[in-house]
file work.cif (mmCIF, C-alpha atoms, pLDDT in the B column; chains and numbers go by the auth columns)
data_coords
#
loop_
_atom_site.group_PDB
_atom_site.id
_atom_site.type_symbol
_atom_site.label_atom_id
_atom_site.label_comp_id
_atom_site.label_asym_id
_atom_site.label_seq_id
_atom_site.Cartn_x
_atom_site.Cartn_y
_atom_site.Cartn_z
_atom_site.B_iso_or_equiv
_atom_site.auth_seq_id
_atom_site.auth_asym_id
ATOM 1 C CA MET A 1 129.286 105.751 103.948 55.00 290 A
ATOM 2 C CA ASN A 2 128.083 102.345 105.105 61.00 291 A
ATOM 3 C CA PHE A 3 124.756 101.118 103.709 58.00 292 A
ATOM 4 C CA GLN A 4 122.819 98.395 105.476 59.00 293 A
ATOM 5 C CA PRO A 5 120.441 96.333 103.349 57.00 294 A
ATOM 6 C CA ILE A 6 116.808 96.155 104.385 54.00 295 A
ATOM 7 C CA GLN A 7 115.885 92.744 105.751 51.00 296 A
ATOM 8 C CA SER A 8 113.504 90.693 103.682 48.00 297 A
ATOM 9 C CA ILE A 9 109.964 90.235 104.950 45.00 298 A
ATOM 10 C CA GLN A 10 110.452 86.499 105.444 49.00 299 A
ATOM 11 C CA MET A 11 113.201 87.153 107.984 45.00 300 A
ATOM 12 C CA LEU A 12 110.971 89.478 110.028 43.00 301 A
ATOM 13 C CA TRP A 13 108.046 87.093 110.453 43.00 302 A
ATOM 14 C CA PRO A 14 109.645 84.498 112.793 46.00 303 A
ATOM 15 C CA SER A 15 110.357 87.161 115.406 49.00 304 A
ATOM 16 C CA GLN A 16 106.666 88.030 115.530 46.00 305 A
ATOM 17 C CA LEU A 17 105.581 84.408 115.944 45.00 306 A
ATOM 18 C CA THR A 18 107.419 84.118 119.269 48.00 307 A
ATOM 19 C CA SER A 19 105.453 86.921 120.966 47.00 308 A
ATOM 20 C CA GLY A 20 103.436 84.383 122.980 46.00 309 A
ATOM 21 C CA VAL A 21 106.496 82.921 124.718 45.00 310 A
ATOM 22 C CA SER A 22 106.637 83.726 128.433 45.00 311 A
ATOM 23 C CA GLY A 23 109.222 86.237 129.578 46.00 312 A
ATOM 24 C CA GLU A 24 108.935 88.391 126.453 48.00 313 A
ATOM 25 C CA LYS A 25 107.169 91.697 125.990 49.00 314 A
ATOM 26 C CA SER A 26 103.494 91.670 125.223 48.00 315 A
ATOM 27 C CA SER A 27 102.470 92.182 121.609 51.00 316 A
ATOM 28 C CA SER A 28 101.513 95.806 122.297 57.00 317 A
ATOM 29 C CA GLU A 29 105.061 96.585 123.516 65.00 318 A
ATOM 30 C CA GLN A 30 106.905 94.519 120.917 73.00 319 A
ATOM 31 C CA PRO A 31 107.916 96.406 117.773 73.00 320 A
ATOM 32 C CA THR A 32 106.086 95.371 114.631 85.00 321 A
ATOM 33 C CA MET A 33 107.482 94.730 111.193 84.00 322 A
ATOM 34 C CA PHE A 34 106.155 98.066 109.951 82.00 323 A
ATOM 35 C CA SER A 35 107.631 100.002 112.858 87.00 324 A
ATOM 36 C CA ASP A 36 111.033 98.395 112.256 90.00 325 A
ATOM 37 C CA ILE A 37 110.961 99.338 108.579 89.00 326 A
ATOM 38 C CA PHE A 38 109.614 102.831 109.266 89.00 327 A
ATOM 39 C CA ASN A 39 112.233 103.450 111.977 92.00 328 A
ATOM 40 C CA SER A 40 115.006 102.336 109.624 93.00 329 A
ATOM 41 C CA LEU A 41 113.672 104.763 106.993 93.00 330 A
ATOM 42 C CA ILE A 42 113.680 107.590 109.544 93.00 331 A
ATOM 43 C CA ASP A 43 117.228 106.698 110.584 95.00 332 A
ATOM 44 C CA ASN A 44 118.271 106.691 106.928 95.00 333 A
ATOM 45 C CA VAL A 45 116.818 110.188 106.429 95.00 334 A
ATOM 46 C CA GLN A 46 118.632 111.444 109.516 95.00 335 A
ATOM 47 C CA GLU A 47 121.937 109.920 108.399 96.00 336 A
ATOM 48 C CA THR A 48 121.699 111.299 104.869 96.00 337 A
ATOM 49 C CA ASP A 49 120.774 114.723 106.246 96.00 338 A
ATOM 50 C CA ALA A 50 123.829 114.682 108.512 96.00 339 A
ATOM 51 C CA VAL A 51 126.083 113.745 105.573 96.00 340 A
ATOM 52 C CA LYS A 52 124.512 116.453 103.386 96.00 341 A
ATOM 53 C CA THR A 53 124.961 119.069 106.112 96.00 342 A
ATOM 54 C CA GLU A 54 128.581 118.054 106.646 96.00 343 A
ATOM 55 C CA LYS A 55 129.323 118.225 102.911 96.00 344 A
ATOM 56 C CA GLN A 56 127.599 121.613 102.705 95.00 345 A
ATOM 57 C CA TYR A 57 129.760 122.938 105.553 95.00 346 A
ATOM 58 C CA LEU A 58 132.922 121.575 103.948 95.00 347 A
ATOM 59 C CA LEU A 59 131.937 123.135 100.616 94.00 348 A
ATOM 60 C CA ALA A 60 131.203 126.507 102.222 94.00 349 A
ATOM 61 C CA THR A 61 134.532 126.554 104.062 94.00 350 A
ATOM 62 C CA GLY A 62 136.512 125.473 101.011 92.00 351 A
ATOM 63 C CA GLN A 63 137.584 122.141 102.488 94.00 352 A
ATOM 64 C CA LEU A 64 135.724 119.990 99.961 91.00 353 A
ATOM 65 C CA ASP A 65 137.864 119.051 96.977 91.00 354 A
ATOM 66 C CA ASN A 66 135.030 117.773 94.793 92.00 355 A
ATOM 67 C CA PRO A 67 131.854 119.928 94.787 91.00 356 A
ATOM 68 C CA ALA A 68 129.917 117.069 93.186 94.00 357 A
ATOM 69 C CA GLU A 69 130.067 115.243 96.524 94.00 358 A
ATOM 70 C CA TRP A 70 127.682 117.812 97.998 94.00 359 A
ATOM 71 C CA SER A 71 125.200 117.488 95.156 95.00 360 A
ATOM 72 C CA ILE A 72 125.307 113.685 95.418 95.00 361 A
ATOM 73 C CA ALA A 73 124.706 113.868 99.179 95.00 362 A
ATOM 74 C CA ALA A 74 121.832 116.305 98.633 96.00 363 A
ATOM 75 C CA TYR A 75 120.273 113.991 96.039 96.00 364 A
ATOM 76 C CA LYS A 76 120.586 110.981 98.388 96.00 365 A
ATOM 77 C CA TYR A 77 118.833 112.998 101.092 96.00 366 A
ATOM 78 C CA GLN A 78 116.077 113.967 98.667 96.00 367 A
ATOM 79 C CA VAL A 79 115.534 110.341 97.611 96.00 368 A
ATOM 80 C CA ALA A 80 115.522 109.086 101.231 95.00 369 A
ATOM 81 C CA THR A 81 112.981 111.733 102.219 96.00 370 A
ATOM 82 C CA SER A 82 110.801 110.971 99.213 96.00 371 A
ATOM 83 C CA LEU A 83 110.834 107.255 100.041 95.00 372 A
ATOM 84 C CA LEU A 84 109.867 107.936 103.651 94.00 373 A
ATOM 85 C CA VAL A 85 106.957 110.147 102.590 95.00 374 A
ATOM 86 C CA GLN A 86 105.743 107.594 100.042 95.00 375 A
ATOM 87 C CA VAL A 87 105.817 104.744 102.582 93.00 376 A
ATOM 88 C CA ARG A 88 103.948 106.923 105.080 93.00 377 A
ATOM 89 C CA ASP A 89 101.314 107.843 102.503 94.00 378 A
ATOM 90 C CA ARG A 90 100.833 104.220 101.441 94.00 379 A
ATOM 91 C CA ALA A 91 100.488 103.131 105.067 91.00 380 A
ATOM 92 C CA LEU A 92 97.891 105.819 105.734 92.00 381 A
ATOM 93 C CA ASP A 93 95.987 104.806 102.601 94.00 382 A
ATOM 94 C CA ALA A 94 96.023 101.164 103.692 91.00 383 A
ATOM 95 C CA TYR A 95 94.872 102.106 107.188 90.00 384 A
ATOM 96 C CA SER A 96 92.009 104.212 105.889 92.00 385 A
ATOM 97 C CA GLU A 97 90.997 101.412 103.512 91.00 386 A
ATOM 98 C CA LEU A 98 90.966 98.912 106.398 90.00 387 A
ATOM 99 C CA SER A 99 88.959 101.278 108.594 90.00 388 A
ATOM 100 C CA ARG A 100 86.296 101.591 105.865 89.00 389 A
ATOM 101 C CA MET A 101 85.814 97.819 105.688 86.00 390 A
ATOM 102 C CA SER A 102 82.716 96.481 107.359 80.00 391 A
ATOM 103 C CA ILE A 103 82.965 93.211 109.220 75.00 392 A
#
call {"tool": "encode", "arguments": {"input": "work.cif", "output": "structure tokens"}}
result
Amino acid sequence: MNFQPIQSIQMLWPSQLTSGVSGEKSSSEQPTMFSDIFNSLIDNVQETDAVKTEKQYLLATGQLDNPAEWSIAAYKYQVATSLLVQVRDRALDAYSELSRMSI
């Protein structure tokens, strides 16, 4: 399994500063920092689910030598899903807090 580290926030900012350059997408079409992070979390959940499903199939057919591999894959899937839900909940909380602010 190949893990890719999440980029630091400082590395994501310069790409957003160039949105005014001609020839690029408008800011409404350009992905934001949050969408990049959220999409990578969704991809991570999908990948861990695929690995868990594969290990479950191998375990059920007797092709898996170490049954602990399935439980590890299931735990990784559970953690990835929990992280995705927590980030979503925090984003919704932040959005609702911003919408309650009066200007």
call {"tool": "atom_distance", "arguments": {"input": "work.cif", "atom1": "CA of Thr342 in chain A", "atom2": "CA of Ala363 in chain A"}}
result
8.6 Å
call {"tool": "residues_around", "arguments": {"input": "work.cif", "residues": "Lys341 in chain A", "least_positions_apart": "6", "cutoff": "8 Å", "atoms": "all atoms listed in the file", "output": "list in words"}}
result
Trp359, Ala362, Ala363 and Tyr366 of chain A
call {"tool": "residues_around", "arguments": {"input": "work.cif", "residues": "Thr370 in chain A", "least_positions_apart": "4", "cutoff": "9 Å", "atoms": "all atoms listed in the file", "output": "mmCIF file with C-alpha atoms, in the frame of the given file"}}
result
data_model
loop_
_atom_site.group_PDB
_atom_site.id
_atom_site.type_symbol
_atom_site.label_atom_id
_atom_site.label_comp_id
_atom_site.auth_asym_id
_atom_site.auth_seq_id
_atom_site.Cartn_x
_atom_site.Cartn_y
_atom_site.Cartn_z
ATOM 1 C CA LEU A 330 113.672 104.763 106.993
ATOM 2 C CA ILE A 331 113.680 107.590 109.544
ATOM 3 C CA ASN A 333 118.271 106.691 106.928
ATOM 4 C CA VAL A 334 116.818 110.188 106.429
ATOM 5 C CA LYS A 365 120.586 110.981 98.388
ATOM 6 C CA TYR A 366 118.833 112.998 101.092
ATOM 7 C CA VAL A 374 106.957 110.147 102.590
ATOM 8 C CA GLN A 375 105.743 107.594 100.042
#
call {"tool": "residues_around", "arguments": {"input": "work.cif", "residues": "Glu358 in chain A", "least_positions_apart": "2", "cutoff": "12 Å", "atoms": "all atoms listed in the file", "output": "list of chain:residue names"}}
result
A:Val340, A:Lys341, A:Thr342, A:Glu343, A:Lys344, A:Gln345, A:Tyr346, A:Leu347, A:Leu348, A:Gln352, A:Leu353, A:Asp354, A:Asn355, A:Pro356, A:Ser360, A:Ile361, A:Ala362, A:Ala363, A:Tyr364, A:Lys365
call {"tool": "atom_distance", "arguments": {"input": "work.cif", "atom1": "CA of Thr321 in chain A", "atom2": "CA of Arg377 in chain A"}}
result
15.1 Å
call {"tool": "atom_distance", "arguments": {"input": "work.cif", "atom1": "CA of Asp325 in chain A", "atom2": "CA of Glu386 in chain A"}}
result
22.1 Å
call {"tool": "axis_aligned_box", "arguments": {"input": "work.cif", "around": "range 361-366 of chain A", "padding_each_side": "8 Å", "output": "lines of an AutoDock Vina configuration file"}}
result
center_x = 122.1
center_y = 113.6
center_z = 98.3
size_x = 22.5
size_y = 21.3
size_z = 21.7
call {"tool": "residues_around", "arguments": {"input": "work.cif", "residues": "Asp332 in chain A", "least_positions_apart": "3", "cutoff": "12 Å", "atoms": "all atoms listed in the file", "output": "PDB file with C-alpha atoms, in the coordinates of the input"}}
result
ATOM      1  CA  PHE A 292     124.756 101.118 103.709  1.00 58.00           C
ATOM      2  CA  GLN A 293     122.819  98.395 105.476  1.00 59.00           C
ATOM      3  CA  SER A 324     107.631 100.002 112.858  1.00 87.00           C
ATOM      4  CA  ASP A 325     111.033  98.395 112.256  1.00 90.00           C
ATOM      5  CA  ILE A 326     110.961  99.338 108.579  1.00 89.00           C
ATOM      6  CA  PHE A 327     109.614 102.831 109.266  1.00 89.00           C
ATOM      7  CA  ASN A 328     112.233 103.450 111.977  1.00 92.00           C
ATOM      8  CA  SER A 329     115.006 102.336 109.624  1.00 93.00           C
ATOM      9  CA  GLN A 335     118.632 111.444 109.516  1.00 95.00           C
ATOM     10  CA  GLU A 336     121.937 109.920 108.399  1.00 96.00           C
ATOM     11  CA  THR A 337     121.699 111.299 104.869  1.00 96.00           C
ATOM     12  CA  ASP A 338     120.774 114.723 106.246  1.00 96.00           C
ATOM     13  CA  ALA A 339     123.829 114.682 108.512  1.00 96.00           C
ATOM     14  CA  TYR A 366     118.833 112.998 101.092  1.00 96.00           C
ATOM     15  CA  ALA A 369     115.522 109.086 101.231  1.00 95.00           C
ATOM     16  CA  THR A 370     112.981 111.733 102.219  1.00 96.00           C
ATOM     17  CA  LEU A 373     109.867 107.936 103.651  1.00 94.00           C
TER      18      LEU A 373
END
